[in-house]
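Colleague: Quick one: the structure is below, questions incoming.
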Amino acid sequence: GGADCLTQVQIEEAAEKAMGEMSKYCDVLQVEIKVEDRHAAKANEIRASLAGRDKPTYAQLYQLILGKTFQENDNIWSTLRNPFQVEADTSPSKLTAAQVDKSFQLLGHTPEFAVELGSGRGSATLVLAEQLDAAGARGCPVVCVDTWTSGLDDMLGPRTEAKLLLDGHSSAYWQFMVGMQKAMLKETISSKHVIPMAATTAVGARWMMAAGVRPDLIFVNPGRGADETSLELALWYSVLSPGGVLFGAELAESDASFDRDIRHFAAKRELDLLDLGAGAWGVKKPAA
């Protein structure tokens, strides 16, 4: 209560000013992606195999990421083993068909090459693949980048039946793979969409930059911690094709880290944060 005490308003104003100053020097949005010297030879080999094509076919990406040729009757889906007899996760996705369609509209054409960041158990993957089929893009590759290990919500939350550890590893990978296989067998989705990339999103982004490939649609699943989303968006915005769309679901009017990071990213890049309906958001990268 002394004369030198700051009021709550003054404290908040001082904090806002400090954040503004800090943002001028924050490096999280100034991420450089380059090919390290030790990877240059392989990167050049991959680029040569694609003959300059930055939106490879499903078969090309399957070969590059999984290390084997895709064959109709001999591929990871037709030969999938399920050693733990895991069941597919049937939880409904928070991503809707209408939101995916709006992302296509924002893009201005049917995607040629899509990426999903944080595919988890695959509920959103199925929605995206189904809408690609509905749009006539049955061969559009969808590279699903995830480590399929336990997230912080898993480790600090209840261990439900769907989130059991199998030999010390999350069951999410097997739930994802079995779910995709089931959908393909039922012909709910085309067998030439999904390619799992078991890596961190940072490694995935750096691999794509080294390979010289650029997706024109990237879906970002929520669930990151403070500042993780900012780093992820900065990396993948660099990879995104000019004119491409970065979008996600579940953006709320809150100060939660995920929501704050998205708004901060769009503001720093001077991008319009567009409403794709029911909490979904999107940004479009300038064409030039």
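Letters A, B, ... mark the chains of the structure tokens in the order given; residue numbers begin at 1 per chain; ligand numbers begin at 1, in order shown.
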Write out as an MDAnalysis selection string each polymer residue whose atoms come within 8 Å of A:Asp54, counting only C-alpha atoms; drop sequence neighbours fewer than 3 positions from it.
Modeller: chainID A and resid 50 212:215
Colleague: Mind checking which residues fall within 6 Å of stretch 80-97 of chain A, counting only C-alpha atoms, ignoring those fewer than 3 positions away in the same chain, and posting them as a ChimeraX atom specification?
Modeller: /A:76-77,100,123-124,175,178-179,249
Colleague: Residues at most 7 Å from stretch 184-201 of chain A, counting only C-alpha atoms, excluding those fewer than 2 positions away in the same chain, as a PyMOL selection string?
Modeller: chain A and resi 58+62+65+117+129-130+133+138-147+180-182+203-205+232
Colleague: Store the residues of this selection in a file with N, CA and C atoms, as a compact mmCIF listing (two decimals), in the first residue's frame.
Modeller:
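Full text of out.txt as output:
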```
# COMPACT_ATOMS: atom_id res chain seq x y z
N TYR A 58 2.64 -39.93 -54.80
CA TYR A 58 2.57 -40.83 -53.64
C TYR A 58 3.70 -41.86 -53.71
N TYR A 62 6.62 -42.33 -50.98
CA TYR A 62 6.65 -43.63 -50.29
C TYR A 62 8.06 -44.23 -50.37
N ILE A 65 10.61 -41.93 -48.23
CA ILE A 65 10.43 -41.92 -46.78
C ILE A 65 10.52 -43.31 -46.17
N LEU A 117 0.72 -32.65 -39.18
CA LEU A 117 1.68 -32.59 -38.08
C LEU A 117 1.01 -33.07 -36.79
N ALA A 129 -8.23 -37.40 -45.48
CA ALA A 129 -8.16 -38.33 -46.60
C ALA A 129 -9.52 -38.50 -47.27
N GLU A 130 -10.57 -38.58 -46.48
CA GLU A 130 -11.92 -38.73 -47.05
C GLU A 130 -12.30 -37.53 -47.90
N ASP A 133 -10.50 -37.57 -51.23
CA ASP A 133 -11.19 -38.49 -52.13
C ASP A 133 -12.44 -37.83 -52.72
N ARG A 138 -7.59 -38.61 -55.29
CA ARG A 138 -7.38 -39.92 -54.68
C ARG A 138 -5.91 -40.32 -54.60
N GLY A 139 -5.05 -39.62 -55.31
CA GLY A 139 -3.63 -39.94 -55.26
C GLY A 139 -2.80 -38.92 -54.53
N CYS A 140 -3.45 -37.94 -53.91
CA CYS A 140 -2.71 -36.89 -53.19
C CYS A 140 -2.03 -37.47 -51.95
N PRO A 141 -0.70 -37.41 -51.88
CA PRO A 141 -0.02 -37.95 -50.70
C PRO A 141 -0.29 -37.09 -49.46
N VAL A 142 -0.46 -37.77 -48.32
CA VAL A 142 -0.60 -37.11 -47.03
C VAL A 142 0.50 -37.67 -46.13
N VAL A 143 1.57 -36.92 -45.95
CA VAL A 143 2.66 -37.37 -45.10
C VAL A 143 2.30 -37.03 -43.65
N CYS A 144 2.21 -38.06 -42.82
CA CYS A 144 1.81 -37.89 -41.42
C CYS A 144 3.05 -37.91 -40.54
N VAL A 145 3.40 -36.76 -40.00
CA VAL A 145 4.64 -36.61 -39.23
C VAL A 145 4.33 -36.68 -37.75
N ASP A 146 4.87 -37.69 -37.10
CA ASP A 146 4.62 -37.88 -35.67
C ASP A 146 5.67 -38.85 -35.14
N THR A 147 6.02 -38.70 -33.87
CA THR A 147 6.90 -39.68 -33.25
C THR A 147 6.10 -40.86 -32.69
N MET A 180 -5.73 -46.82 -40.18
CA MET A 180 -5.58 -46.51 -41.59
C MET A 180 -5.83 -47.76 -42.44
N GLN A 181 -5.26 -48.87 -42.02
CA GLN A 181 -5.44 -50.12 -42.76
C GLN A 181 -6.92 -50.51 -42.84
N LYS A 182 -7.61 -50.39 -41.73
CA LYS A 182 -9.04 -50.73 -41.68
C LYS A 182 -9.83 -49.87 -42.66
N VAL A 203 12.53 -32.60 -37.48
CA VAL A 203 13.26 -33.47 -38.42
C VAL A 203 12.49 -33.57 -39.73
N GLY A 204 11.16 -33.70 -39.64
CA GLY A 204 10.35 -33.79 -40.85
C GLY A 204 10.49 -32.56 -41.73
N ALA A 205 10.47 -31.37 -41.11
CA ALA A 205 10.61 -30.14 -41.88
C ALA A 205 11.98 -30.04 -42.53
N GLU A 232 7.24 -24.84 -34.35
CA GLU A 232 6.72 -25.74 -35.38
C GLU A 232 6.18 -24.96 -36.58
```
Colleague: May I have the residues within 8 Å of A:Trp148 as a list in words, using only C-alpha atoms and disregarding those fewer than 3 positions away in the same chain?
Modeller: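 That gives Gly120, Ser170, Ser171, Ala172, Tyr173 and Ala198 of chain A.
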Colleague: What does the distance between atom CA of A:Leu126 and atom CA of A:Phe176 come to in Å, to one decimal place?
Modeller: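 Those two atoms sit 10.0 Å apart.
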Colleague: Just to confirm, what's the straight-line distance from atom CA of A:His109 to atom CA of A:Ala135 in Å (one decimal)?
Modeller: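 Taking atom CA of A:His109 as the start and atom CA of A:Ala135 as the end point, the length is 9.7 Å.
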Colleague: With a distance cut-off of 6 Å and only C-alpha atoms, select the neighbouring residues of A:Phe219, excluding the residue or stretch itself and same-chain residues fewer than 5 positions from it, and output the selection as an MDAnalysis selection string.
Modeller: chainID A and resid 116 247:248
Colleague: Keeping all heavy atoms for every residue in the selection just given, could you write it to a file as a PDB file, in the first residue's frame?
Modeller:
```
ATOM      1  N   GLU A 116       0.361 -33.700 -42.450  1.00  0.00           N
ATOM      2  CA  GLU A 116      -0.320 -33.568 -41.162  1.00  0.00           C
ATOM      3  C   GLU A 116       0.729 -33.634 -40.064  1.00  0.00           C
ATOM      4  O   GLU A 116       1.541 -34.567 -40.030  1.00  0.00           O
ATOM      5  CB  GLU A 116      -1.347 -34.683 -40.956  1.00  0.00           C
ATOM      6  CG  GLU A 116      -2.088 -34.551 -39.625  1.00  0.00           C
ATOM      7  CD  GLU A 116      -3.028 -35.698 -39.324  1.00  0.00           C
ATOM      8  OE1 GLU A 116      -2.770 -36.830 -39.804  1.00  0.00           O
ATOM      9  OE2 GLU A 116      -3.999 -35.490 -38.595  1.00  0.00           O
ATOM     10  N   PHE A 247      -3.227 -24.806 -41.764  1.00  0.00           N
ATOM     11  CA  PHE A 247      -4.479 -24.670 -41.025  1.00  0.00           C
ATOM     12  C   PHE A 247      -4.563 -25.655 -39.876  1.00  0.00           C
ATOM     13  O   PHE A 247      -3.766 -26.592 -39.772  1.00  0.00           O
ATOM     14  CB  PHE A 247      -5.680 -24.825 -41.965  1.00  0.00           C
ATOM     15  CG  PHE A 247      -6.071 -26.247 -42.303  1.00  0.00           C
ATOM     16  CD1 PHE A 247      -7.242 -26.791 -41.795  1.00  0.00           C
ATOM     17  CD2 PHE A 247      -5.284 -27.033 -43.143  1.00  0.00           C
ATOM     18  CE1 PHE A 247      -7.618 -28.089 -42.112  1.00  0.00           C
ATOM     19  CE2 PHE A 247      -5.656 -28.321 -43.471  1.00  0.00           C
ATOM     20  CZ  PHE A 247      -6.829 -28.864 -42.951  1.00  0.00           C
ATOM     21  N   GLY A 248      -5.528 -25.399 -38.991  1.00  0.00           N
ATOM     22  CA  GLY A 248      -5.713 -26.277 -37.840  1.00  0.00           C
ATOM     23  C   GLY A 248      -7.108 -26.120 -37.277  1.00  0.00           C
ATOM     24  O   GLY A 248      -7.912 -25.316 -37.753  1.00  0.00           O
TER      25      GLY A 248
END
```
Colleague: Pick the closest to A:Trp281 from A:Arg260, A:Lys55, A:Arg206, A:Lys102: which is it, counting only C-alpha atoms?
Modeller: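 Using only C-alpha atoms, A:Trp281 sits closest to A:Lys102.
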Colleague: Would you give me, as a list in words, the residues in stretch 83-224 of chain A that DSSP reads as strand (DSSP E or B)?
Modeller: Ala114, Val115, Glu116, Leu117, Val142, Val143, Cys144, Val145, Asp146, Leu165, Leu166, His169, Ser170, Val194, Ile195, Pro196, Met197, Ala198, Leu217, Ile218, Phe219 and Val220 of chain A
Colleague: Taking only stretch 60-249 of chain A into account, list the residues labelled alpha helix (DSSP H) by DSSP (computed from the backbone), as a ChimeraX atom specification.
Modeller: /A:60-66,97-107,123-134,152-156,172-185,201-211,228-239
Colleague: Got a sec: who's within 12 Å of A:Ser241, counting only C-alpha atoms, leaving out chain neighbours fewer than 6 positions off, as a compact mmCIF listing (two decimals) with C-alpha atoms, in the first residue's frame?
Modeller:
```txt
# COMPACT_ATOMS: atom_id res chain seq x y z
CA ASP A 54 8.64 -30.16 -55.56
CA LYS A 55 5.31 -31.99 -55.23
CA LEU A 107 -5.96 -22.83 -51.21
CA PRO A 111 -4.15 -30.05 -52.86
CA GLU A 112 -1.34 -31.85 -54.64
CA PHE A 113 0.70 -32.71 -51.55
CA ALA A 114 -0.47 -32.52 -47.92
CA VAL A 115 1.21 -32.91 -44.55
CA MET A 208 11.56 -31.85 -46.74
CA MET A 209 13.76 -28.82 -47.17
CA GLY A 212 13.40 -29.84 -52.04
CA VAL A 213 9.74 -30.81 -51.64
CA ARG A 214 7.00 -28.35 -50.71
CA PRO A 215 3.50 -29.32 -49.55
CA ASP A 216 0.71 -26.96 -50.49
CA LEU A 217 -1.50 -27.93 -47.53
CA ILE A 218 -0.36 -28.48 -43.93
CA LYS A 284 -2.30 -18.52 -46.66
CA LYS A 285 1.31 -17.96 -47.65
CA PRO A 286 1.77 -15.23 -50.26
CA ALA A 287 2.26 -16.62 -53.74
CA ALA A 288 5.44 -14.65 -54.28
```
